[in-house]
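Reviewing the structure listed below.
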Amino acid sequence: MACDGSGPVGTSPITRRVRRTALIGAAVATVVVATAPFQLDIYTKNVLIRAFFLAALAMTVDVLWGYTGILTFGQSAFFGIGAYACALVATHYGFGPFWFAGSFLIALLAAVAVAWLIGWLAFYHGASPLYASIVTLALPIVFVQLIFAGGRFTGSSSGISSFPSYYWSFETWFWIAGGYLIAVTVLGYLLVKSDFGRVLVAIRENEERCAYLGVPVSRVKILLMMAAGAIGAGAGFGYAAFTNVVAPELGGFLLGTELLIFTALGGRGTLIGPVLGTIGIDVTASYLSGSLPFLWKLITGVAFVVVIVLLPQGLIPILGQGLRRLWPWRRPALASEVALHSFAPTTPHGETPSAPLRTEGLRRHYGSLKVLDGIAIESRGSELLSIVGPNGAGKTTLMRCVSDGGERSSGQVFVNGTEIGRGTPQSVVALGIGRSFQNTNLFETLTVADCLMLARWRIDGASLFARRSEIALPRPAVGILEATGLDQALATETRNLSHGQKRGLELAMVLATEPSVLLLDEPTAGLTKAERTAIGDVLITLAREHGLSILLIEHDLDFVRDISDRIVVLHQGALLMEGTVDEVIASELVKAVYSGQTVEPAP
Amino acid sequence: MMLRPLTIAAIAAALLAAPTAAQETIKIGIPVGLSGANSVVAPSVVQSSEFAAKEINEAGGILGKQIELVVADDNSGAQGAQRAFESLVYEEKVDVLISMETSAARNAGLPIVNRGRTPYIYTSFYEGRSCSPWMYINAWVPEQQVAPIVDHFMSEYEAKSYFLIGSDYAFGRGMLEFTRAYVESKGGEVLGEEYLPMDGSDWTAIISQLKASGADALITSTAGGAPNVTLTKQLRAAGVDLPYGNLAVDEGTAKSMGGDATGIYIAASYVTGIDSAENKAFLEGMAAMFGDDLITPNDLSVPQYEAIYAYKAAVEMAGATDAQGVIDTLDDVSVTGPRGTITMNAQRHAALTMYLGQVQSDGTVNVIQSFENVDPGEQCPQFAN
Amino acid sequence: MANLALDMITTSAILFIVASGLMIILGVMKLINFAHGAFLTVGGYAAYLTTEAGLSPWLAPLLAVAAGFGAGIIVERIIVRPLYHRPLDAILATWGLGIIIGQLITLGFGREVQFAASPMTGTLDLGGVEYSAYRLTLTAFAIAIGAALTALLYLTRFGLNARAVIMNETLARGVGIDSARVRSLTFGLGAGLACGAGALITPLLSVDPNMGLPWLVNSFMLVLVSGVSIPSLAVASLILGSAQVAVSTYVSPIIGGLTIVVLAAVLLRLYPKGLGRGM
């Protein structure tokens, strides 16, 4: 499978193409920004300078909402923080190159600190996306209230104006604002087109799945929030320094929702759409809203609702599609140029000093309903342990409790000798657990290669501003890809895969995280007989040759009998019996359970 | 023959001014809150401006040039004001800005006025001490408005202890801070000073504190419109019947509050009931021009009307519309209008006659007392010399 | 002290009335109706029109509920139904709807404050404490609304279906419940409750195009903290409403205005599923 990289290490063809696009785009934009001031009248220049700063802010909204799925009402607060840092320092402390640079630094630091706090509040493991929206909604409300409470110091509702600033020419400010917008947009573009950008999309599409692949979702979101906050504060600082005015509305809730409107109309998840959308809407508003004050707001409201309901992708992409129809030129997909490597897994073979997975007195109850009641099991290396039991026996709950420290009500879980405590899924994954899921809803718009890259993130990391050209996977994972034909379909988006291929990819992703304990929840559901046999062979190989400890939930008892070393039978949340395949098959107790009779667990 | 320097200058000036001078009009920019918080009062300001323009144009204009009004919406806020001022100063290239606006909008416009070097007459009462080399103000500040109410409460009700309630914004705090100082300087006592956020509508806790304080009188300074109405309604619902001075209510709002407003004391530089020939002529002219569409003139729209006349007087005295000349002469001219004879001083503010009124059960305001030429005090000492 | 307790109880009652429509929609439809504030405003204007028509102010809430119910059914069909599977988009679309309603009202009535007659004025003497009669009446209304909603959910066919959809929508559809109809009626009911609440609080507020907006965020916070259950909404209203009054009284009314928002964010961080855990 080894493949020669076609370029220097670290710059894949796709990276080079992304960088070329960014370079051309930036060059064109730079030429436009550099020459435009000489063509435009002062009024339009003024309008555009302010629109550029707002567009930079809208760009961060798109990275957060469009790409990562964090619906934020609060980016305006960071704009406000930047603006007020500029105004307050210049008004109350001093002005000059040193003070100016210092206040810029204060703006960034304050924004980063606030963003960290917001992220810490909003992005804990298990937080609902709605909660994050609430926290971002509260932020501008609190910000504005603090400004009001600041009285003379912050200028209260009247804001502060005519503080000392650099009265450079409009051309200079136009270049500063345009340059800032181009710089942060290029940065954003490289980020969302990088490996890291694919991680963001994966978080948007299936956050839980990301956590179980070892992606530190909370940390990624917090860092992203901090970066977006800093960029927003920079834009706000520039806005205040240019206009010489700050007012509470610059950090308010209404601007926060307006940014969402700009982003939605421009086309979320396109980056350039929200930037152009903001500039377009703001300039139009400058010319129209003066003459149609109320009607203008009504029109934007209607357009917003129509776009959200009927055209969720926004207006700019539709314009783009129209243009493309006129100029039918399509770039070839490049993801296929990703090369797959395999290496021998480093998972220890055979016996390890402690059991790969051991539970003691594991309990899970919802109110008075006991779903798991004092489970003690122990798995061994190189062993296939099947967990069977009728519906509602607690099998899937057991899987959940051993892979997420926050799930169980009491008891202990040891992975390779370490107690998992109340750790998040990604911390449990780091101990050596790999978990696959029943449903095959992976990441709709990610390609097979993206998914594999995502699974390797914990070990290989992801480049912030580049795409990798090669993915190295442990040999068993590559084996599964080859068996299901996925190695030839690396550029295919997962929603276009067959059911069998989705199952294969799911398993390959889990194996790519190099687990020592594999938790599989009905890996053969919905598969053909031939596919089942193939999966069975792979599992046996994984256990025998690579020393994995495999825990398997299965309904197909024939399959269980064929591949298991040992079987655990759960019934109504309790361990009914545990034994070899023959012992369990022969057990009258198990037969009784499966035929629906009431039984008491074995003592 | 040689052209004399003066002729050269005149030709150059004519050429430079060609694009605007060609239409031979004087452009007056009016940035105003057609939408947003000020949209209730803005139409009355536009009406009084239109009336002033019509009167002046019919009488031959200013220095023979007709007046052209350019109205721009500022959305009652900073961002909208930036758009409006930029459009008026840079695109419309107006000769002067005359407007009633929120403090946030005025502050947002000032840097543009300074850069664009355009004279600006601000016609709204406000919290005071806003200074710019290019700005004049012909409406009242706390120093002028608070005294009549407090003096009346002290003499009429022998009120010694006061409770102050306001909206948490620059005007609300500015007014009440001054009120506190004034009450204390007169030997009174302030038992409480409480604020609610501008969009707040639940005054429950504050009203309970007011009732518990045992104050003799109440003075409020909320944001106009909704907060004023909610506070008054809730005060009445809670059975508060203290002497009640409201620094933020005008005749129109008082009317919309129905019976709840009865008995409230207000102080203003204009009420429709002023008994003077100028005011009668003004009201009749307005009624004739707008008929059924007339919005009752008020303490915000009348200063706007007078400011246009002040600008006319300044241009005529300076002999030209050049910005510096107008700024230099604005403090030398006097205008006699519905509010009486008003002269803006070197500190860019004006002494005004203030009227103390009480709202009647039919919503009209009964003038109880008037105070001649109340001085605005030290507003912008940097311009005094 | 008695006065403080009354302030707390009546404030909580008002919050309960205002938030109940939002909770019904969240419970059954699993979406947040950001047009809630605009519906409150519509209720206020219904009260204004009732006054204009010379009808008794007591009729205003009833007319508002009817208007809101009709508007809700239409809005659900046009805007909300396509967004069932995009809950975050539903927030945005209903927010946009709120802008549209606000601007239509502004175009129709102007932005000025309108006058709506109060059904009652003055104070009641409660064993030595003079207290606003209308606030006490609102407390009775809150109890009545809570009881009526409970009866609706537990004693009617619609309530049975709605509860089935709340618990498990797939299963409910499986047993033949027309969940689309349940959703449509629920949205109508939620919008009707919001409009009715708007009409009920009008005597304490001013009628203007933005009157509902300040209530939106607080209702939203309350409903998320309470989860979907009428008793837990009552408890959440009591806790947060009392906290607001206490902070306003003893610390500062400005911080009091932020109390619900901040306290709710913290409570949700500690109890992510809300107090009721009914979701």
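Ordering of the structure tokens sets the chain letters (A, B, ...), residue numbers begin anew at 1 in every chain, and ligands are numbered from 1 in the order given.
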What residues in range 332-415 of chain A get the DSSP label strand (DSSP E)? Please answer as a PyMOL selection string.
chain A and resi 339-343+357-366+369-375+378-379+383-388+410-415
Could you please take those selected residues and save C-alpha atoms as an mmCIF file, in the first residue's frame?
data_model
loop_
_atom_site.group_PDB
_atom_site.id
_atom_site.type_symbol
_atom_site.label_atom_id
_atom_site.label_comp_id
_atom_site.auth_asym_id
_atom_site.auth_seq_id
_atom_site.Cartn_x
_atom_site.Cartn_y
_atom_site.Cartn_z
ATOM 1 C CA ALA A 339 -2.136 7.806 0.275
ATOM 2 C CA LEU A 340 -2.805 5.060 2.754
ATOM 3 C CA HIS A 341 0.044 3.481 4.674
ATOM 4 C CA SER A 342 -0.078 0.626 7.063
ATOM 5 C CA PHE A 343 2.132 -0.192 9.999
ATOM 6 C CA LEU A 357 -11.069 -4.190 31.250
ATOM 7 C CA ARG A 358 -12.435 -4.909 34.684
ATOM 8 C CA THR A 359 -15.554 -3.651 36.436
ATOM 9 C CA GLU A 360 -16.487 -3.856 40.090
ATOM 10 C CA GLY A 361 -19.974 -3.356 41.467
ATOM 11 C CA LEU A 362 -21.021 -1.353 38.413
ATOM 12 C CA ARG A 363 -24.430 0.209 38.894
ATOM 13 C CA ARG A 364 -26.573 2.480 36.788
ATOM 14 C CA HIS A 365 -30.000 3.599 37.805
ATOM 15 C CA TYR A 366 -32.452 6.232 36.609
ATOM 16 C CA LEU A 369 -35.180 2.060 37.807
ATOM 17 C CA LYS A 370 -32.067 -0.112 37.995
ATOM 18 C CA VAL A 371 -30.638 -0.685 34.555
ATOM 19 C CA LEU A 372 -27.376 -2.181 35.786
ATOM 20 C CA ASP A 373 -27.107 -3.655 39.222
ATOM 21 C CA GLY A 374 -23.670 -4.536 40.500
ATOM 22 C CA ILE A 375 -21.928 -5.897 37.430
ATOM 23 C CA GLU A 378 -13.203 -8.962 33.614
ATOM 24 C CA SER A 379 -11.921 -9.271 30.082
ATOM 25 C CA GLU A 383 -10.049 -12.850 23.916
ATOM 26 C CA LEU A 384 -13.453 -12.407 22.311
ATOM 27 C CA LEU A 385 -16.004 -11.886 25.040
ATOM 28 C CA SER A 386 -19.632 -11.752 23.939
ATOM 29 C CA ILE A 387 -22.311 -10.062 25.984
ATOM 30 C CA VAL A 388 -25.754 -11.444 25.310
ATOM 31 C CA SER A 410 -21.604 3.805 41.278
ATOM 32 C CA GLY A 411 -18.901 1.169 41.049
ATOM 33 C CA GLN A 412 -15.500 1.150 39.449
ATOM 34 C CA VAL A 413 -14.156 0.558 35.965
ATOM 35 C CA PHE A 414 -10.509 -0.260 35.317
ATOM 36 C CA VAL A 415 -8.976 -0.008 31.850
#
Exercise: Val217 in chain C partners within 9 Å, only C-alpha atoms, chain neighbours under 4 positions left out, as a list in words
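Close residues of Val217 in chain C: Ile134, Leu137 and Ala138 of chain A; Phe34, Gly37, Leu213, Met221, Leu222 and Val261 of chain C.
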Please, which residues in chain B fall within 6 Å of chain A when counting only C-alpha atoms, and what is the closest atom pair and distance in Å to one decimal for each, ordered by chain then residue number, as a tab-separated table?
residue	atom	partner	partner_atom	distance
B:Ser35	CA	A:Pro293	CA	5.8
B:Ala72	CA	A:Gly290	CA	5.3
B:Asp73	CA	A:Gly290	CA	4.7
B:Tyr90	CA	A:Tyr43	CA	5.4
B:Glu91	CA	A:Tyr43	CA	5.8
B:Ser103	CA	A:Ser158	CA	5.1
B:Ala104	CA	A:Ser158	CA	3.9
B:Asn107	CA	A:Ser161	CA	5.5
B:Ala108	CA	A:Val245	CA	5.4
B:Pro111	CA	A:Ser162	CA	5.4
B:Tyr169	CA	A:Ser157	CA	4.8
B:Ala170	CA	A:Ser156	CA	5.4
Export N, CA and C atoms of the chosen residues as an mmCIF file, in the first residue's frame?
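Heads up, here's the output in part_4.cif:
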data_model
loop_
_atom_site.group_PDB
_atom_site.id
_atom_site.type_symbol
_atom_site.label_atom_id
_atom_site.label_comp_id
_atom_site.auth_asym_id
_atom_site.auth_seq_id
_atom_site.Cartn_x
_atom_site.Cartn_y
_atom_site.Cartn_z
ATOM 1 N N SER B 35 -36.390 55.890 12.977
ATOM 2 C CA SER B 35 -36.671 54.563 13.527
ATOM 3 C C SER B 35 -35.961 54.475 14.875
ATOM 4 N N ALA B 72 -32.101 62.503 7.392
ATOM 5 C CA ALA B 72 -31.532 61.147 7.350
ATOM 6 C C ALA B 72 -31.852 60.428 8.654
ATOM 7 N N ASP B 73 -32.222 59.170 8.561
ATOM 8 C CA ASP B 73 -32.555 58.387 9.750
ATOM 9 C C ASP B 73 -31.280 57.965 10.472
ATOM 10 N N TYR B 90 -20.461 63.998 4.014
ATOM 11 C CA TYR B 90 -19.568 63.672 2.898
ATOM 12 C C TYR B 90 -20.296 63.547 1.564
ATOM 13 N N GLU B 91 -21.526 63.026 1.599
ATOM 14 C CA GLU B 91 -22.204 62.798 0.339
ATOM 15 C C GLU B 91 -23.069 63.985 -0.036
ATOM 16 N N SER B 103 -28.278 60.975 22.971
ATOM 17 C CA SER B 103 -26.892 61.332 23.287
ATOM 18 C C SER B 103 -25.919 60.401 22.579
ATOM 19 N N ALA B 104 -26.288 59.126 22.464
ATOM 20 C CA ALA B 104 -25.402 58.172 21.796
ATOM 21 C C ALA B 104 -25.232 58.567 20.337
ATOM 22 N N ASN B 107 -23.044 61.763 20.149
ATOM 23 C CA ASN B 107 -21.633 61.448 20.356
ATOM 24 C C ASN B 107 -21.030 60.750 19.150
ATOM 25 N N ALA B 108 -21.809 59.864 18.531
ATOM 26 C CA ALA B 108 -21.296 59.145 17.368
ATOM 27 C C ALA B 108 -21.093 60.089 16.194
ATOM 28 N N PRO B 111 -17.356 63.032 15.985
ATOM 29 C CA PRO B 111 -16.081 62.912 15.276
ATOM 30 C C PRO B 111 -16.221 63.217 13.778
ATOM 31 N N TYR B 169 -29.036 55.162 32.246
ATOM 32 C CA TYR B 169 -28.348 55.633 31.049
ATOM 33 C C TYR B 169 -27.856 57.040 31.311
ATOM 34 N N ALA B 170 -27.128 57.578 30.374
ATOM 35 C CA ALA B 170 -26.402 58.811 30.668
ATOM 36 C C ALA B 170 -27.341 59.919 31.134
#
Within 6 Å of chain C, which residues of chain B show up when using only C-alpha atoms, listed as a PyMOL selection string?
chain B and resi 40+196-197+205+226+229-230+233-234+237-239+256
Output C-alpha atoms of each residue in that selection to a file, as a short mmCIF file (atom, residue, chain, number, x, y, z; two decimals), in the first residue's frame.
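Output (result-v1.cif):
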data_model
loop_
_atom_site.label_atom_id
_atom_site.label_comp_id
_atom_site.auth_asym_id
_atom_site.auth_seq_id
_atom_site.Cartn_x
_atom_site.Cartn_y
_atom_site.Cartn_z
CA VAL B 40 -42.08 58.76 18.35
CA LEU B 196 -33.36 50.06 36.33
CA PRO B 197 -31.76 49.03 33.01
CA ALA B 205 -38.54 46.14 44.05
CA ALA B 226 -42.01 52.84 27.61
CA VAL B 229 -45.15 54.67 31.20
CA THR B 230 -44.41 51.39 32.99
CA LYS B 233 -48.50 52.73 35.86
CA GLN B 234 -46.81 50.57 38.47
CA ALA B 237 -51.03 50.42 40.88
CA ALA B 238 -49.01 50.34 44.10
CA GLY B 239 -50.99 53.28 45.45
CA SER B 256 -50.91 58.59 26.27
#
Return as CSV the residues of chain C lying at most 9 Å from chain A, together with the closest atom-to-atom pair for each and the distance in Å to one decimal, counting only C-alpha atoms, with rows in chain order and ascending residue number.
residue,atom,partner,partner_atom,distance
C:Ile78,CA,A:Val309,CA,8.9
C:Ile79,CA,A:Val309,CA,6.6
C:Val80,CA,A:Val309,CA,8.2
C:Pro82,CA,A:Val309,CA,6.6
C:Leu83,CA,A:Val309,CA,6.8
C:Leu88,CA,A:Leu71,CA,7.2
C:Asp89,CA,A:Ile308,CA,6.5
C:Ala90,CA,A:Ile308,CA,8.2
C:Leu92,CA,A:Ile308,CA,7.3
C:Ala93,CA,A:Val305,CA,5.0
C:Thr94,CA,A:Val305,CA,7.7
C:Trp95,CA,A:Val305,CA,8.4
C:Gly96,CA,A:Gly301,CA,5.1
C:Leu97,CA,A:Val305,CA,6.7
C:Gly98,CA,A:Gly301,CA,8.3
C:Ile99,CA,A:Gly301,CA,5.6
C:Ile100,CA,A:Gly301,CA,5.4
C:Ile101,CA,A:Leu298,CA,8.6
C:Gly102,CA,A:Leu298,CA,8.5
C:Gln103,CA,A:Leu298,CA,5.6
C:Leu104,CA,A:Leu298,CA,7.4
C:Thr106,CA,A:Phe294,CA,7.6
C:Leu107,CA,A:Phe294,CA,7.1
C:Val217,CA,A:Leu137,CA,8.4
C:Phe220,CA,A:Ile134,CA,8.6
C:Met221,CA,A:Ile134,CA,7.7
C:Leu224,CA,A:Tyr131,CA,8.6
C:Ile254,CA,A:Gln145,CA,7.8
C:Ile255,CA,A:Gln145,CA,8.4
C:Leu258,CA,A:Val142,CA,7.0
C:Val261,CA,A:Ala138,CA,6.3
C:Val262,CA,A:Ala138,CA,7.2
C:Ala265,CA,A:Val135,CA,6.4
C:Val266,CA,A:Leu121,CA,8.1
C:Leu268,CA,A:Tyr131,CA,7.7
C:Arg269,CA,A:Leu121,CA,6.7
C:Pro272,CA,A:Ala127,CA,6.9
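Residue nearest Thr35 in chain A within the list A:Ala230, A:Val220, A:Gly178, A:Glu583: A:Gly178 [criterion: smallest interatomic distance, only C-alpha atoms].
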I want to know what sits within 8 Å of range 118-122 of chain B, based on only C-alpha atoms, with residues of the same chain fewer than 2 positions away left out; could you give that as a list in words?
Val89, Val94, Asp95, Val96, Leu97, Ile98, Ser99, Met100, Glu101, Arg106, Val113, Asn114, Gly116, Ser124, Trp134, Met135, Tyr136, Ile137, Asn138, Ala139, Ala307, Ala323, Gln324, Val326 and Ile327 of chain B
Output N, CA and C atoms for every residue in that selection, as a PDB file, in the first residue's frame.
ATOM      1  N   VAL B  89     -22.623  64.703   5.698  1.00  0.00           N
ATOM      2  CA  VAL B  89     -21.425  65.534   5.630  1.00  0.00           C
ATOM      3  C   VAL B  89     -20.638  65.263   4.347  1.00  0.00           C
ATOM      4  N   VAL B  94     -23.753  68.967   3.275  1.00  0.00           N
ATOM      5  CA  VAL B  94     -24.650  69.984   3.811  1.00  0.00           C
ATOM      6  C   VAL B  94     -23.848  71.127   4.420  1.00  0.00           C
ATOM      7  N   ASP B  95     -24.492  72.294   4.527  1.00  0.00           N
ATOM      8  CA  ASP B  95     -23.824  73.462   5.097  1.00  0.00           C
ATOM      9  C   ASP B  95     -23.858  73.449   6.612  1.00  0.00           C
ATOM     10  N   VAL B  96     -24.865  72.824   7.167  1.00  0.00           N
ATOM     11  CA  VAL B  96     -25.020  72.812   8.616  1.00  0.00           C
ATOM     12  C   VAL B  96     -25.843  71.583   8.999  1.00  0.00           C
ATOM     13  N   LEU B  97     -25.630  71.119  10.235  1.00  0.00           N
ATOM     14  CA  LEU B  97     -26.452  70.026  10.762  1.00  0.00           C
ATOM     15  C   LEU B  97     -27.264  70.590  11.918  1.00  0.00           C
ATOM     16  N   ILE B  98     -28.550  70.379  11.889  1.00  0.00           N
ATOM     17  CA  ILE B  98     -29.405  70.850  12.991  1.00  0.00           C
ATOM     18  C   ILE B  98     -30.293  69.671  13.371  1.00  0.00           C
ATOM     19  N   SER B  99     -30.162  69.174  14.622  1.00  0.00           N
ATOM     20  CA  SER B  99     -30.929  67.963  14.908  1.00  0.00           C
ATOM     21  C   SER B  99     -31.176  67.715  16.372  1.00  0.00           C
ATOM     22  N   MET B 100     -32.264  67.003  16.613  1.00  0.00           N
ATOM     23  CA  MET B 100     -32.625  66.482  17.912  1.00  0.00           C
ATOM     24  C   MET B 100     -32.294  64.991  17.869  1.00  0.00           C
ATOM     25  N   GLU B 101     -31.424  64.523  18.762  1.00  0.00           N
ATOM     26  CA  GLU B 101     -31.008  63.124  18.707  1.00  0.00           C
ATOM     27  C   GLU B 101     -30.745  62.577  20.101  1.00  0.00           C
ATOM     28  N   ARG B 106     -25.649  61.608  19.067  1.00  0.00           N
ATOM     29  CA  ARG B 106     -24.890  62.858  18.993  1.00  0.00           C
ATOM     30  C   ARG B 106     -23.396  62.572  19.149  1.00  0.00           C
ATOM     31  N   VAL B 113     -18.459  65.284  12.460  1.00  0.00           N
ATOM     32  CA  VAL B 113     -18.610  66.734  12.373  1.00  0.00           C
ATOM     33  C   VAL B 113     -17.241  67.408  12.481  1.00  0.00           C
ATOM     34  N   ASN B 114     -16.423  66.920  13.415  1.00  0.00           N
ATOM     35  CA  ASN B 114     -15.093  67.510  13.594  1.00  0.00           C
ATOM     36  C   ASN B 114     -14.223  67.318  12.362  1.00  0.00           C
ATOM     37  N   GLY B 116     -15.266  66.642   9.312  1.00  0.00           N
ATOM     38  CA  GLY B 116     -15.860  67.291   8.141  1.00  0.00           C
ATOM     39  C   GLY B 116     -16.004  68.799   8.311  1.00  0.00           C
ATOM     40  N   SER B 124     -31.719  69.026  21.325  1.00  0.00           N
ATOM     41  CA  SER B 124     -32.415  68.202  22.310  1.00  0.00           C
ATOM     42  C   SER B 124     -31.912  68.529  23.704  1.00  0.00           C
ATOM     43  N   TRP B 134     -17.334  72.547  17.036  1.00  0.00           N
ATOM     44  CA  TRP B 134     -18.256  72.751  15.928  1.00  0.00           C
ATOM     45  C   TRP B 134     -19.714  72.689  16.354  1.00  0.00           C
ATOM     46  N   MET B 135     -19.965  72.586  17.675  1.00  0.00           N
ATOM     47  CA  MET B 135     -21.350  72.349  18.094  1.00  0.00           C
ATOM     48  C   MET B 135     -21.892  73.450  19.015  1.00  0.00           C
ATOM     49  N   TYR B 136     -23.166  73.791  18.796  1.00  0.00           N
ATOM     50  CA  TYR B 136     -23.932  74.654  19.699  1.00  0.00           C
ATOM     51  C   TYR B 136     -25.169  73.894  20.156  1.00  0.00           C
ATOM     52  N   ILE B 137     -25.690  74.276  21.323  1.00  0.00           N
ATOM     53  CA  ILE B 137     -26.863  73.592  21.862  1.00  0.00           C
ATOM     54  C   ILE B 137     -27.856  74.646  22.346  1.00  0.00           C
ATOM     55  N   ASN B 138     -29.128  74.522  21.925  1.00  0.00           N
ATOM     56  CA  ASN B 138     -30.095  75.536  22.345  1.00  0.00           C
ATOM     57  C   ASN B 138     -31.218  74.971  23.208  1.00  0.00           C
ATOM     58  N   ALA B 139     -30.985  73.803  23.827  1.00  0.00           N
ATOM     59  CA  ALA B 139     -32.008  73.205  24.691  1.00  0.00           C
ATOM     60  C   ALA B 139     -31.468  73.113  26.110  1.00  0.00           C
ATOM     61  N   ALA B 307     -33.670  76.781  16.113  1.00  0.00           N
ATOM     62  CA  ALA B 307     -32.267  76.633  15.717  1.00  0.00           C
ATOM     63  C   ALA B 307     -32.081  76.975  14.245  1.00  0.00           C
ATOM     64  N   ALA B 323     -18.065  77.657   7.294  1.00  0.00           N
ATOM     65  CA  ALA B 323     -18.270  77.021   8.586  1.00  0.00           C
ATOM     66  C   ALA B 323     -17.709  77.840   9.738  1.00  0.00           C
ATOM     67  N   GLN B 324     -16.464  78.276   9.620  1.00  0.00           N
ATOM     68  CA  GLN B 324     -15.837  78.977  10.738  1.00  0.00           C
ATOM     69  C   GLN B 324     -16.584  80.269  11.035  1.00  0.00           C
ATOM     70  N   VAL B 326     -19.723  80.941  10.555  1.00  0.00           N
ATOM     71  CA  VAL B 326     -20.997  80.653  11.217  1.00  0.00           C
ATOM     72  C   VAL B 326     -20.772  80.317  12.688  1.00  0.00           C
ATOM     73  N   ILE B 327     -19.771  79.495  12.941  1.00  0.00           N
ATOM     74  CA  ILE B 327     -19.476  79.125  14.323  1.00  0.00           C
ATOM     75  C   ILE B 327     -19.117  80.368  15.139  1.00  0.00           C
TER      76      ILE B 327
END
Compile the contact shell of Gly337 in chain B as a PyMOL selection string: residues with an atom at most 12 Å away, counting only C-alpha atoms, same-chain residues fewer than 4 positions apart removed.
chain B and resi 52+269-270+274+276-283+302-310+341-343+352-353
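CA of Gly146 in chain C is positioned 14.6 Å from CA of Gly192 in chain C.
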Between CA of Glu372 in chain B and CA of Ser185 in chain B, what is the distance in Å, rounded to a tenth?
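CA of Ser185 in chain B lies 21.3 Å from CA of Glu372 in chain B.
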Just give me the gap between CA of Gly109 in chain B and CA of Ala318 in chain B in Å, one decimal is fine.
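Separation of CA of Gly109 in chain B and CA of Ala318 in chain B: 25.2 Å.
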Per DSSP on the backbone, filter range 305-360 of chain B down to the residues in helix (DSSP H, G or I) and report them as a PDB file with C-alpha atoms, in the first residue's frame.
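To be explicit, this is the file written out as result_39.pdb:
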ATOM      1  CA  TYR B 305     -37.533  75.320  14.733  1.00  0.00           C
ATOM      2  CA  GLU B 306     -35.683  78.083  16.561  1.00  0.00           C
ATOM      3  CA  ALA B 307     -32.267  76.633  15.717  1.00  0.00           C
ATOM      4  CA  ILE B 308     -32.956  76.987  12.008  1.00  0.00           C
ATOM      5  CA  TYR B 309     -33.694  80.653  12.613  1.00  0.00           C
ATOM      6  CA  ALA B 310     -30.530  80.978  14.700  1.00  0.00           C
ATOM      7  CA  TYR B 311     -28.532  79.562  11.799  1.00  0.00           C
ATOM      8  CA  LYS B 312     -30.224  82.005   9.419  1.00  0.00           C
ATOM      9  CA  ALA B 313     -29.314  84.895  11.684  1.00  0.00           C
ATOM     10  CA  ALA B 314     -25.708  83.722  11.999  1.00  0.00           C
ATOM     11  CA  VAL B 315     -25.246  83.321   8.238  1.00  0.00           C
ATOM     12  CA  GLU B 316     -26.736  86.727   7.605  1.00  0.00           C
ATOM     13  CA  MET B 317     -24.489  88.307  10.198  1.00  0.00           C
ATOM     14  CA  ALA B 318     -21.390  86.500   8.884  1.00  0.00           C
ATOM     15  CA  ALA B 323     -18.270  77.021   8.586  1.00  0.00           C
ATOM     16  CA  GLN B 324     -15.837  78.977  10.738  1.00  0.00           C
ATOM     17  CA  GLY B 325     -17.707  82.216  10.157  1.00  0.00           C
ATOM     18  CA  VAL B 326     -20.997  80.653  11.217  1.00  0.00           C
ATOM     19  CA  ILE B 327     -19.476  79.125  14.323  1.00  0.00           C
ATOM     20  CA  ASP B 328     -17.912  82.454  15.264  1.00  0.00           C
ATOM     21  CA  THR B 329     -21.189  84.360  14.949  1.00  0.00           C
ATOM     22  CA  LEU B 330     -23.677  81.840  16.396  1.00  0.00           C
ATOM     23  CA  ASP B 331     -23.086  83.188  19.908  1.00  0.00           C
ATOM     24  CA  ASP B 332     -23.719  86.740  18.772  1.00  0.00           C
TER      25      ASP B 332
END
Residues within 6 Å of range 16-24 of chain C, please, as a ChimeraX atom specification. Count only C-alpha atoms; anything in the same chain fewer than 4 positions from it doesn't count.
/C:142,190,193-194,197,219,223,237
Using only C-alpha atoms, which protein or nucleic acid residues come within 7 Å of Ala254 in chain B? Drop anything in the same chain fewer than 5 positions from it, and give the result as a ChimeraX atom specification.
/B:249,261,363
Quick one: everything within 10 Å of Ala26 in chain A, counting only C-alpha atoms, minus sequence neighbours fewer than 6 positions away in the same chain. Send it as a ChimeraX atom specification.
/A:20,32,179,182-183,185-186
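Take the candidates A:Tyr594, A:Ala34, A:Glu207, A:Val112 and check each one against Trp173 in chain A using only C-alpha atoms; the shortest distance goes to A:Ala34.
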